[in-house]
>>> print(open('start_4.csv').read())   # CSV, C-alpha atoms
chain,number,residue,atom,x,y,z
A,1,MET,CA,39.2,164.3,-35.3
A,2,SER,CA,37.6,162.7,-38.4
A,3,TYR,CA,36.4,163.9,-41.7
A,4,TYR,CA,33.7,162.4,-44.0
A,5,SER,CA,35.5,161.1,-47.1
A,6,LEU,CA,33.8,160.4,-50.4
A,7,ASN,CA,34.7,156.7,-50.1
A,8,SER,CA,33.0,156.5,-46.7
A,9,TYR,CA,29.9,158.3,-48.1
A,10,LEU,CA,29.6,156.0,-51.1
A,11,LYS,CA,30.1,152.8,-49.1
A,12,ASN,CA,27.5,154.0,-46.5
A,13,LYS,CA,25.0,154.7,-49.3
A,14,TYR,CA,25.7,151.9,-51.7
A,15,GLY,CA,27.5,149.3,-49.7
A,16,ARG,CA,30.4,149.2,-52.1
A,17,LYS,CA,33.2,151.2,-53.8
A,18,ILE,CA,31.9,153.4,-56.6
A,19,TYR,CA,34.2,154.6,-59.4
A,20,LYS,CA,34.0,157.9,-61.1
A,21,LEU,CA,34.1,157.9,-65.0
A,22,SER,CA,35.3,161.1,-66.6
A,23,LEU,CA,33.2,162.0,-69.6
A,24,SER,CA,33.3,164.9,-72.1
A,25,SER,CA,30.3,166.8,-73.2
A,26,GLY,CA,32.2,168.5,-76.1
A,27,LEU,CA,31.0,171.9,-74.8
A,28,SER,CA,33.1,175.1,-74.4
A,29,CYS,CA,33.0,177.8,-71.7
A,30,PRO,CA,31.8,181.5,-71.8
A,31,ASN,CA,35.2,182.4,-70.3
A,32,ARG,CA,36.9,181.0,-73.3
A,33,ASP,CA,34.7,181.5,-76.3
A,34,GLY,CA,34.7,185.3,-76.1
A,35,THR,CA,31.3,185.7,-74.3
A,36,LEU,CA,33.1,186.8,-71.1
A,37,SER,CA,36.7,186.3,-72.1
A,38,SER,CA,38.8,184.4,-74.6
A,39,LEU,CA,41.6,183.6,-72.1
A,40,GLY,CA,39.7,181.4,-69.6
A,41,CYS,CA,40.7,181.0,-66.0
A,42,ILE,CA,44.5,181.5,-65.9
A,43,PHE,CA,45.1,178.0,-64.6
A,44,CYS,CA,42.9,176.1,-67.0
A,45,SER,CA,44.5,173.9,-69.6
A,46,ASN,CA,43.6,173.5,-73.2
A,47,GLY,CA,41.6,170.4,-72.2
A,48,GLY,CA,39.5,172.4,-69.8
A,49,SER,CA,40.8,170.4,-66.8
A,50,GLY,CA,39.4,167.2,-68.4
A,51,GLU,CA,42.6,165.6,-69.7
A,52,PHE,CA,41.5,162.2,-68.3
A,53,ALA,CA,38.1,162.2,-70.0
A,54,ALA,CA,37.2,160.0,-72.9
A,55,PRO,CA,37.2,161.7,-76.4
A,56,ALA,CA,34.2,163.9,-77.1
A,57,SER,CA,34.0,162.3,-80.5
A,58,LEU,CA,32.5,159.2,-78.9
A,59,SER,CA,28.9,158.9,-77.9
A,60,ILE,CA,28.2,159.1,-74.2
A,61,THR,CA,27.6,155.4,-74.1
A,62,GLU,CA,30.8,154.7,-75.9
A,63,GLN,CA,32.7,157.0,-73.5
A,64,ILE,CA,31.2,155.2,-70.5
A,65,GLU,CA,32.3,151.8,-71.9
A,66,ALA,CA,35.8,153.2,-72.7
A,67,ALA,CA,36.1,154.7,-69.2
A,68,LYS,CA,35.0,151.4,-67.7
A,69,GLN,CA,37.7,149.6,-69.5
A,70,LYS,CA,40.3,151.9,-68.0
A,71,VAL,CA,39.4,150.7,-64.5
A,72,SER,CA,38.5,147.1,-65.4
A,73,LYS,CA,41.6,145.8,-63.5
A,74,LYS,CA,40.2,147.4,-60.3
A,75,ILE,CA,36.6,146.6,-60.7
A,76,THR,CA,34.3,144.2,-62.6
A,77,ALA,CA,30.5,144.4,-62.7
A,78,GLY,CA,30.8,147.7,-60.9
A,79,LYS,CA,28.7,150.8,-60.4
A,80,TYR,CA,29.9,154.2,-61.4
A,81,ILE,CA,29.5,158.0,-61.3
A,82,ALA,CA,29.2,159.7,-64.7
A,83,TYR,CA,31.3,162.8,-64.3
A,84,PHE,CA,31.1,165.5,-66.9
A,85,GLN,CA,34.3,167.3,-66.0
A,86,SER,CA,35.9,169.4,-68.7
A,87,PHE,CA,34.9,173.0,-69.5
A,88,THR,CA,31.4,174.1,-68.6
A,89,ASN,CA,28.9,171.4,-68.9
A,90,THR,CA,25.6,173.3,-68.7
A,91,TYR,CA,26.8,175.8,-71.3
A,92,GLY,CA,24.9,174.5,-74.4
A,93,ASP,CA,21.6,174.0,-76.1
A,94,ILE,CA,19.1,172.6,-73.7
A,95,ASP,CA,18.0,169.8,-76.1
A,96,TYR,CA,21.6,168.7,-76.5
A,97,LEU,CA,22.1,168.8,-72.7
A,98,ARG,CA,19.0,166.7,-72.3
A,99,LYS,CA,20.2,164.2,-74.8
A,100,ILE,CA,23.7,163.6,-73.3
A,101,TYR,CA,22.5,163.6,-69.7
A,102,MET,CA,19.6,161.3,-70.3
A,103,GLU,CA,22.0,158.9,-72.1
A,104,ALA,CA,24.4,158.9,-69.2
A,105,ILE,CA,21.8,158.7,-66.3
A,106,ASN,CA,19.9,155.9,-68.0
A,107,HIS,CA,22.9,153.7,-68.4
A,108,PRO,CA,22.4,150.7,-66.1
A,109,ASP,CA,25.8,150.9,-64.5
A,110,ILE,CA,25.6,154.6,-63.6
A,111,VAL,CA,24.3,155.4,-60.1
A,112,ILE,CA,25.1,159.1,-59.9
A,113,LEU,CA,25.3,161.9,-62.5
A,114,SER,CA,27.9,164.6,-61.6
A,115,ILE,CA,28.1,167.8,-63.7
A,116,GLY,CA,31.0,170.3,-63.5
A,117,THR,CA,29.9,173.8,-64.4
A,118,ARG,CA,30.1,177.5,-63.6
A,119,PRO,CA,27.6,179.3,-61.3
A,120,ASP,CA,26.8,181.8,-64.1
A,121,CYS,CA,25.6,179.0,-66.4
A,122,LEU,CA,22.6,177.7,-64.6
A,123,SER,CA,19.6,179.2,-66.4
A,124,GLU,CA,16.0,178.4,-65.4
A,125,GLU,CA,15.9,175.9,-68.3
A,126,VAL,CA,19.0,174.1,-67.0
A,127,LEU,CA,17.7,174.1,-63.4
A,128,ALA,CA,14.4,172.5,-64.6
A,129,LEU,CA,16.4,169.8,-66.5
A,130,LEU,CA,18.6,169.1,-63.4
A,131,LYS,CA,15.4,168.8,-61.3
A,132,GLU,CA,14.0,166.3,-63.7
A,133,LEU,CA,17.2,164.3,-63.9
A,134,ASN,CA,17.4,164.2,-60.1
A,135,GLN,CA,14.1,162.3,-60.0
A,136,ILE,CA,15.7,159.5,-62.0
A,137,LYS,CA,19.0,159.2,-60.1
A,138,PRO,CA,21.0,161.5,-57.8
A,139,VAL,CA,22.5,164.5,-59.5
A,140,TRP,CA,25.5,166.4,-58.2
A,141,VAL,CA,26.6,169.8,-59.5
A,142,GLU,CA,30.2,170.7,-59.1
A,143,LEU,CA,30.9,174.4,-59.0
A,144,GLY,CA,34.5,175.7,-59.5
A,145,LEU,CA,34.6,178.6,-57.0
A,146,GLN,CA,38.4,178.3,-56.4
A,147,THR,CA,38.5,181.2,-53.9
A,148,ALA,CA,36.2,183.3,-51.8
A,149,HIS,CA,38.4,186.4,-52.3
A,150,GLU,CA,37.3,188.8,-55.0
A,151,GLU,CA,40.8,190.2,-55.6
A,152,THR,CA,42.1,186.7,-56.3
A,153,ALA,CA,39.1,185.9,-58.4
A,154,GLN,CA,39.9,188.9,-60.7
A,155,TYR,CA,43.5,187.8,-60.8
A,156,ILE,CA,42.6,184.3,-62.0
A,157,ASN,CA,40.1,185.7,-64.4
A,158,ARG,CA,37.2,183.7,-62.9
A,159,GLY,CA,34.6,186.0,-64.5
A,160,TYR,CA,31.8,186.0,-61.9
A,161,SER,CA,31.3,187.4,-58.4
A,162,LEU,CA,30.4,185.8,-55.1
A,163,GLU,CA,26.9,187.1,-55.5
A,164,VAL,CA,26.5,184.9,-58.6
A,165,PHE,CA,27.9,181.9,-56.7
A,166,GLU,CA,25.5,182.4,-53.8
A,167,LYS,CA,22.5,182.7,-56.1
A,168,ALA,CA,23.5,179.4,-57.9
A,169,VAL,CA,23.8,177.6,-54.6
A,170,ALA,CA,20.4,178.8,-53.4
A,171,ASN,CA,18.8,177.8,-56.7
A,172,LEU,CA,20.4,174.3,-56.7
A,173,HIS,CA,19.5,173.8,-53.0
A,174,ALA,CA,15.9,174.7,-53.8
A,175,ILE,CA,15.6,171.8,-56.2
A,176,SER,CA,17.5,169.4,-53.9
A,177,ILE,CA,20.6,169.1,-55.9
A,178,ASP,CA,23.8,168.1,-54.1
A,179,ILE,CA,26.4,170.8,-54.5
A,180,ILE,CA,30.1,170.2,-54.5
A,181,VAL,CA,32.4,173.2,-54.5
A,182,HIS,CA,36.0,173.2,-55.8
A,183,LEU,CA,38.6,175.3,-54.0
A,184,ILE,CA,42.3,175.7,-55.1
A,185,LEU,CA,44.9,175.9,-52.4
A,186,GLY,CA,48.1,177.8,-53.2
A,187,LEU,CA,46.7,180.5,-55.5
A,188,PRO,CA,49.3,183.4,-55.8
A,189,ASN,CA,49.2,186.0,-53.1
A,190,GLU,CA,46.9,184.0,-50.8
A,191,SER,CA,48.0,183.2,-47.3
A,192,LYS,CA,47.0,180.2,-45.3
A,193,GLU,CA,44.5,182.4,-43.5
A,194,ASP,CA,43.0,183.4,-46.9
A,195,MET,CA,42.6,179.8,-47.8
A,196,LEU,CA,41.0,178.9,-44.5
A,197,GLU,CA,38.6,181.8,-45.0
A,198,SER,CA,37.5,180.4,-48.3
A,199,VAL,CA,36.9,177.0,-46.7
A,200,LYS,CA,34.8,178.6,-43.9
A,201,TYR,CA,32.9,180.7,-46.4
A,202,VAL,CA,31.8,177.7,-48.6
A,203,CYS,CA,31.0,175.6,-45.5
A,204,SER,CA,28.6,178.3,-44.3
A,205,LYS,CA,26.6,177.8,-47.5
A,206,LYS,CA,24.2,175.0,-48.3
A,207,ILE,CA,26.7,172.6,-49.9
A,208,SER,CA,27.0,168.9,-49.7
A,209,GLY,CA,30.7,168.4,-50.6
A,210,LEU,CA,34.0,170.0,-51.0
A,211,LYS,CA,37.0,169.4,-53.3
A,212,LEU,CA,40.4,170.8,-52.2
A,213,GLN,CA,42.9,171.0,-55.1
A,214,LEU,CA,46.5,172.0,-55.1
A,215,LEU,CA,47.4,174.8,-57.6
A,216,HIS,CA,49.0,173.2,-60.6
A,217,VAL,CA,51.0,175.4,-63.1
A,218,LEU,CA,50.4,173.7,-66.4
A,219,LYS,CA,52.0,174.2,-69.8
A,220,ASN,CA,50.4,176.6,-72.3
A,221,THR,CA,48.3,178.4,-69.8
A,222,PRO,CA,48.3,182.1,-68.8
A,223,LEU,CA,49.4,180.9,-65.3
A,224,GLU,CA,52.5,179.4,-66.8
A,225,LYS,CA,53.5,182.7,-68.4
A,226,GLU,CA,52.8,184.4,-65.0
A,227,TYR,CA,54.9,181.8,-63.2
A,228,LEU,CA,57.9,182.1,-65.5
A,229,PHE,CA,57.8,185.9,-65.5
A,230,ASN,CA,57.1,186.6,-61.9
A,231,HIS,CA,58.4,183.5,-60.2
A,232,PHE,CA,55.7,183.4,-57.6
A,233,ASP,CA,56.0,180.8,-54.9
A,234,VAL,CA,54.2,177.5,-55.1
A,235,LEU,CA,53.5,175.3,-52.1
A,236,SER,CA,55.9,172.6,-51.0
A,237,MET,CA,54.4,169.2,-50.2
A,238,GLU,CA,54.8,169.9,-46.5
A,239,GLU,CA,53.1,173.3,-46.7
A,240,TYR,CA,50.2,171.9,-48.7
A,241,VAL,CA,49.5,168.9,-46.4
A,242,ASP,CA,49.7,171.2,-43.3
A,243,ILE,CA,47.1,173.6,-44.9
A,244,VAL,CA,44.8,170.7,-45.8
A,245,ALA,CA,45.0,169.4,-42.3
A,246,GLU,CA,44.0,172.8,-40.9
A,247,CYS,CA,41.2,173.0,-43.5
A,248,LEU,CA,39.8,169.7,-42.2
A,249,THR,CA,39.5,171.2,-38.7
A,250,VAL,CA,37.0,173.8,-39.8
A,251,ILE,CA,34.9,171.7,-42.2
A,252,PRO,CA,31.6,170.4,-40.6
A,253,PRO,CA,31.4,166.6,-40.3
A,254,ASP,CA,28.4,166.3,-42.6
A,255,ILE,CA,30.2,167.9,-45.6
A,256,VAL,CA,31.7,165.1,-47.7
A,257,ILE,CA,35.3,165.6,-48.7
A,258,HIS,CA,35.5,164.6,-52.4
A,259,ARG,CA,39.2,165.4,-52.8
A,260,LEU,CA,42.2,166.3,-50.7
A,261,THR,CA,44.6,166.8,-53.5
A,262,GLY,CA,44.8,166.2,-57.3
A,263,ASP,CA,47.3,165.2,-59.9
A,264,GLY,CA,47.5,167.0,-63.2
A,265,PRO,CA,48.9,165.4,-66.4
A,266,LYS,CA,52.6,164.8,-65.9
A,267,SER,CA,53.2,165.8,-69.5
A,268,LEU,CA,51.8,169.3,-68.8
A,269,LEU,CA,53.0,169.9,-65.3
A,270,VAL,CA,55.4,172.8,-64.8
A,271,ALA,CA,55.1,173.2,-61.0
A,272,PRO,CA,55.1,172.0,-58.3
A,273,LEU,CA,56.9,169.0,-59.6
A,274,TRP,CA,56.6,167.0,-56.3
A,275,SER,CA,52.8,166.7,-57.0
A,276,ALA,CA,53.6,164.3,-59.9
A,277,ASP,CA,54.5,161.6,-57.4
A,278,LYS,CA,51.0,160.8,-56.2
A,279,LYS,CA,51.9,157.8,-54.2
A,280,LYS,CA,54.6,159.8,-52.3
A,281,VAL,CA,52.1,162.6,-51.6
A,282,LEU,CA,49.4,160.3,-50.3
A,283,ASN,CA,51.8,158.4,-48.1
A,284,TYR,CA,53.1,161.6,-46.6
A,285,MET,CA,49.6,162.9,-46.1
A,286,ASN,CA,48.5,159.6,-44.4
A,287,HIS,CA,51.5,159.7,-42.1
A,288,TYR,CA,50.9,163.4,-41.3
A,289,PHE,CA,47.2,162.8,-40.6
A,290,LEU,CA,48.0,159.8,-38.4
A,291,ALA,CA,50.4,161.9,-36.3
A,292,LYS,CA,47.7,164.6,-36.0
A,293,ASN,CA,45.0,162.0,-35.2
A,294,ILE,CA,43.0,162.9,-38.3
A,295,ARG,CA,41.2,160.0,-39.8
A,296,GLN,CA,38.4,159.2,-42.3
A,297,GLY,CA,35.0,158.6,-40.7
A,298,SER,CA,31.3,158.9,-41.2
A,299,ALA,CA,29.0,161.8,-40.7
A,300,LEU,CA,27.9,162.4,-37.1
>>> encode(input="start_4.csv", output="structure tokens")
Amino acid sequence: MSYYSLNSYLKNKYGRKIYKLSLSSGLSCPNRDGTLSSLGCIFCSNGGSGEFAAPASLSITEQIEAAKQKVSKKITAGKYIAYFQSFTNTYGDIDYLRKIYMEAINHPDIVILSIGTRPDCLSEEVLALLKELNQIKPVWVELGLQTAHEETAQYINRGYSLEVFEKAVANLHAISIDIIVHLILGLPNESKEDMLESVKYVCSKKISGLKLQLLHVLKNTPLEKEYLFNHFDVLSMEEYVDIVAECLTVIPPDIVIHRLTGDGPKSLLVAPLWSADKKKVLNYMNHYFLAKNIRQGSAL
């Protein structure tokens, strides 16, 4: 079997490798500023999962240029995805959102604008802006669902229901925005079957892409306190890769796989420590997939 990787999708569409540049909007999150909660999702770090982004004190253009320098040994005269990653990037004044997104999308080296946000932060004003931006260059919206199970959602303090997610997907699909959904594999108390149910659930919706992420326990998060107190099990490398392989068997071939794993900052990582060795993980995954006859391919 084959799966449709992001690299394959971008090469099919643009004829070349496209690099993602992590940018910071400087915005917060309703799950952290007291609107919904002051704790945030229990796994979220102080950097809002955007530790690799450029400093928010820089202008968007300056952030793009700084991020380009980081990958300058890999690519010159390249094209890029502007990725607003940390916190909730539609949670702000609409004039400010217009300013930063227009600055990013009009940069000559940017070919796609990708915005990470929450399903409950997509007002009519924001949707209208996204629709406008999508007429200039392709816009992706990345929604952090993490799980389709309401009990787990409450445990991780996600702060919204599946009904809210479904409404957001419908609204974004109505304005032709590509939707990428984030799922976390290895959340406490979830079985392999639970994780597969989450994958099947999101694939039944009108989404364009999927990110699979290993649960990382990071320092200074509520999850770290839970881990140290309750000593819940985290996935081994072998367990994680086996689950990913099973997930790929239920994902339709037209859904682009944006990520099969991820690496948190080593300085913050508490568990699982094996995930810090990205090269080892990818080598194991490649060999495992080869043995299972799983390969990257194009949409059918």
>>> residues_near_point(input="start_4.csv", point="(25.4, 152.5, -51.6)", cutoff="12 Å", atoms="all atoms listed in the file", output="NGL selection string")
:A and (6-19 or 78-81 or 111-112 or 138)
>>> closest_residue(input="start_4.csv", among="A:Asn106, A:Asp242, A:Val256, A:Thr35", to="His287 (chain A)", atoms="all atoms listed in the file")
A:Asp242
>>> residues_around(input="start_4.csv", residues="Asn286 (chain A)", least_positions_apart="3", cutoff="12 Å", atoms="only C-alpha atoms", output="list in words")
Val241, Asp242, Val244, Ala245, Leu260, Lys279, Lys280, Val281, Leu282, Asn283, Phe289, Leu290, Ala291, Lys292, Asn293, Ile294, Arg295 and Gln296 of chain A
>>> residues_around(input="start_4.csv", residues="Lys266 (chain A)", least_positions_apart="4", cutoff="10 Å", atoms="only C-alpha atoms", output="list in words")
Leu218, Val270, Leu273, Ser275, Ala276 and Asp277 of chain A
>>> closest_atom_pairs(input="start_4.csv", of="region 61-152 of chain A", to="region 21-33 of chain A", cutoff="8 Å", atoms="only C-alpha atoms", output="JSON lines")
{"residue": "A:Gln63", "atom": "CA", "partner": "A:Leu23", "partner_atom": "CA", "distance": 6.4}
{"residue": "A:Ile64", "atom": "CA", "partner": "A:Leu21", "partner_atom": "CA", "distance": 6.8}
{"residue": "A:Ala67", "atom": "CA", "partner": "A:Leu21", "partner_atom": "CA", "distance": 5.6}
{"residue": "A:Lys68", "atom": "CA", "partner": "A:Leu21", "partner_atom": "CA", "distance": 7.1}
{"residue": "A:Tyr80", "atom": "CA", "partner": "A:Leu21", "partner_atom": "CA", "distance": 6.7}
{"residue": "A:Ile81", "atom": "CA", "partner": "A:Leu21", "partner_atom": "CA", "distance": 5.9}
{"residue": "A:Ala82", "atom": "CA", "partner": "A:Leu21", "partner_atom": "CA", "distance": 5.2}
{"residue": "A:Tyr83", "atom": "CA", "partner": "A:Ser22", "partner_atom": "CA", "distance": 4.9}
{"residue": "A:Phe84", "atom": "CA", "partner": "A:Leu23", "partner_atom": "CA", "distance": 4.9}
{"residue": "A:Gln85", "atom": "CA", "partner": "A:Ser22", "partner_atom": "CA", "distance": 6.3}
{"residue": "A:Ser86", "atom": "CA", "partner": "A:Ser24", "partner_atom": "CA", "distance": 6.2}
{"residue": "A:Phe87", "atom": "CA", "partner": "A:Cys29", "partner_atom": "CA", "distance": 5.6}
{"residue": "A:Thr88", "atom": "CA", "partner": "A:Cys29", "partner_atom": "CA", "distance": 5.1}
{"residue": "A:Asn89", "atom": "CA", "partner": "A:Leu27", "partner_atom": "CA", "distance": 6.3}
{"residue": "A:Tyr91", "atom": "CA", "partner": "A:Cys29", "partner_atom": "CA", "distance": 6.5}
{"residue": "A:Gly92", "atom": "CA", "partner": "A:Leu27", "partner_atom": "CA", "distance": 6.6}
{"residue": "A:Ile100", "atom": "CA", "partner": "A:Ser25", "partner_atom": "CA", "distance": 7.3}
>>> residues_around(input="start_4.csv", residues="Asp120 (chain A)", least_positions_apart="4", cutoff="8 Å", atoms="only C-alpha atoms", output="list in words")
Tyr160, Val164, Phe165 and Ala168 of chain A
>>> write_last_selection(input="start_4.csv", atoms="C-alpha atoms", output="mmCIF file, in the frame of the given file")
data_model
loop_
_atom_site.group_PDB
_atom_site.id
_atom_site.type_symbol
_atom_site.label_atom_id
_atom_site.label_comp_id
_atom_site.auth_asym_id
_atom_site.auth_seq_id
_atom_site.Cartn_x
_atom_site.Cartn_y
_atom_site.Cartn_z
ATOM 1 C CA TYR A 160 31.800 186.000 -61.900
ATOM 2 C CA VAL A 164 26.500 184.900 -58.600
ATOM 3 C CA PHE A 165 27.900 181.900 -56.700
ATOM 4 C CA ALA A 168 23.500 179.400 -57.900
#
>>> closest_residue(input="start_4.csv", among="A:Leu183, A:Ala271, A:Ala66, A:Ala77", to="Leu228 (chain A)", atoms="all atoms listed in the file")
A:Ala271
>>> closest_residue(input="start_4.csv", among="A:Leu210, A:Val139, A:Leu269, A:Leu36", to="Arg158 (chain A)", atoms="all atoms listed in the file")
A:Leu36
>>> residues_around(input="start_4.csv", residues="Thr90 (chain A)", least_positions_apart="2", cutoff="7 Å", atoms="only C-alpha atoms", output="number ranges by chain")
A: 88, 92, 97, 117, 121-122, 126
>>> closest_residue(input="start_4.csv", among="A:Gly264, A:Ser204, A:His258, A:Trp274", to="Ser5 (chain A)", atoms="all atoms listed in the file")
A:His258
>>> residues_around(input="start_4.csv", residues="Leu268 (chain A)", least_positions_apart="4", cutoff="10 Å", atoms="all atoms listed in the file", output="PDB file with C-alpha atoms, keeping the file's coordinate frame")
ATOM      1  CA  SER A  45      44.500 173.900 -69.600  1.00  0.00           C
ATOM      2  CA  GLU A  51      42.600 165.600 -69.700  1.00  0.00           C
ATOM      3  CA  HIS A 216      49.000 173.200 -60.600  1.00  0.00           C
ATOM      4  CA  VAL A 217      51.000 175.400 -63.100  1.00  0.00           C
ATOM      5  CA  LEU A 218      50.400 173.700 -66.400  1.00  0.00           C
ATOM      6  CA  LYS A 219      52.000 174.200 -69.800  1.00  0.00           C
ATOM      7  CA  ASN A 220      50.400 176.600 -72.300  1.00  0.00           C
ATOM      8  CA  THR A 221      48.300 178.400 -69.800  1.00  0.00           C
ATOM      9  CA  GLY A 264      47.500 167.000 -63.200  1.00  0.00           C
TER      10      GLY A 264
END
>>> atom_distance(input="start_4.csv", atom1="CA of Val234 (chain A)", atom2="CA of Ala148 (chain A)")
19.2 Å
>>> atom_distance(input="start_4.csv", atom1="CA of Pro108 (chain A)", atom2="CA of Glu124 (chain A)")
28.4 Å
>>> atom_distance(input="start_4.csv", atom1="CA of Leu223 (chain A)", atom2="CA of Ile42 (chain A)")
5.0 Å
>>> closest_residue(input="start_4.csv", among="A:Gly186, A:Gly159, A:Pro222, A:Gly209", to="Ser114 (chain A)", atoms="only C-alpha atoms")
A:Gly209
>>> closest_residue(input="start_4.csv", among="A:Leu187, A:Pro265, A:Ile251, A:Lys205", to="Phe232 (chain A)", atoms="all atoms listed in the file")
A:Leu187
>>> build_atoms(input="start_4.csv", residues="region 162-184 of chain A", atoms="N, CA and C atoms", output="short mmCIF file (atom, residue, chain, number, x, y, z; two decimals), keeping the file's coordinate frame")
data_model
loop_
_atom_site.label_atom_id
_atom_site.label_comp_id
_atom_site.auth_asym_id
_atom_site.auth_seq_id
_atom_site.Cartn_x
_atom_site.Cartn_y
_atom_site.Cartn_z
N LEU A 162 30.98 186.65 -56.10
CA LEU A 162 30.40 185.80 -55.10
C LEU A 162 28.91 185.82 -55.04
N GLU A 163 28.34 186.94 -55.41
CA GLU A 163 26.90 187.10 -55.50
C GLU A 163 26.29 186.05 -56.44
N VAL A 164 26.95 185.86 -57.57
CA VAL A 164 26.50 184.90 -58.60
C VAL A 164 26.59 183.47 -58.01
N PHE A 165 27.69 183.18 -57.33
CA PHE A 165 27.90 181.90 -56.70
C PHE A 165 26.77 181.61 -55.68
N GLU A 166 26.50 182.59 -54.85
CA GLU A 166 25.50 182.40 -53.80
C GLU A 166 24.10 182.18 -54.38
N LYS A 167 23.78 182.88 -55.45
CA LYS A 167 22.50 182.70 -56.10
C LYS A 167 22.39 181.27 -56.70
N ALA A 168 23.48 180.80 -57.30
CA ALA A 168 23.50 179.40 -57.90
C ALA A 168 23.29 178.40 -56.79
N VAL A 169 23.98 178.55 -55.66
CA VAL A 169 23.80 177.60 -54.60
C VAL A 169 22.40 177.59 -54.05
N ALA A 170 21.80 178.76 -53.90
CA ALA A 170 20.40 178.80 -53.40
C ALA A 170 19.46 178.16 -54.42
N ASN A 171 19.66 178.40 -55.71
CA ASN A 171 18.80 177.80 -56.70
C ASN A 171 18.92 176.29 -56.78
N LEU A 172 20.14 175.80 -56.67
CA LEU A 172 20.40 174.30 -56.70
C LEU A 172 19.83 173.69 -55.43
N HIS A 173 20.04 174.33 -54.31
CA HIS A 173 19.50 173.80 -53.00
C HIS A 173 18.00 173.72 -53.07
N ALA A 174 17.35 174.69 -53.70
CA ALA A 174 15.90 174.70 -53.80
C ALA A 174 15.30 173.55 -54.54
N ILE A 175 16.09 172.95 -55.44
CA ILE A 175 15.60 171.80 -56.20
C ILE A 175 16.31 170.49 -55.72
N SER A 176 16.88 170.55 -54.52
CA SER A 176 17.50 169.40 -53.90
C SER A 176 18.61 168.72 -54.60
N ILE A 177 19.42 169.55 -55.25
CA ILE A 177 20.60 169.10 -55.90
C ILE A 177 21.80 169.15 -54.96
N ASP A 178 22.57 168.07 -54.88
CA ASP A 178 23.80 168.10 -54.10
C ASP A 178 24.84 168.97 -54.76
N ILE A 179 25.44 169.87 -53.98
CA ILE A 179 26.40 170.80 -54.50
C ILE A 179 27.78 170.53 -53.97
N ILE A 180 28.73 170.35 -54.87
CA ILE A 180 30.10 170.20 -54.50
C ILE A 180 30.91 171.37 -54.99
N VAL A 181 31.68 171.97 -54.11
CA VAL A 181 32.40 173.20 -54.50
C VAL A 181 33.91 172.85 -54.55
N HIS A 182 34.56 173.39 -55.58
CA HIS A 182 36.00 173.20 -55.80
C HIS A 182 36.73 174.46 -55.26
N LEU A 183 37.75 174.25 -54.45
CA LEU A 183 38.60 175.30 -54.00
C LEU A 183 40.07 174.96 -54.37
N ILE A 184 40.85 175.95 -54.77
CA ILE A 184 42.30 175.70 -55.10
C ILE A 184 43.10 176.31 -53.94
#
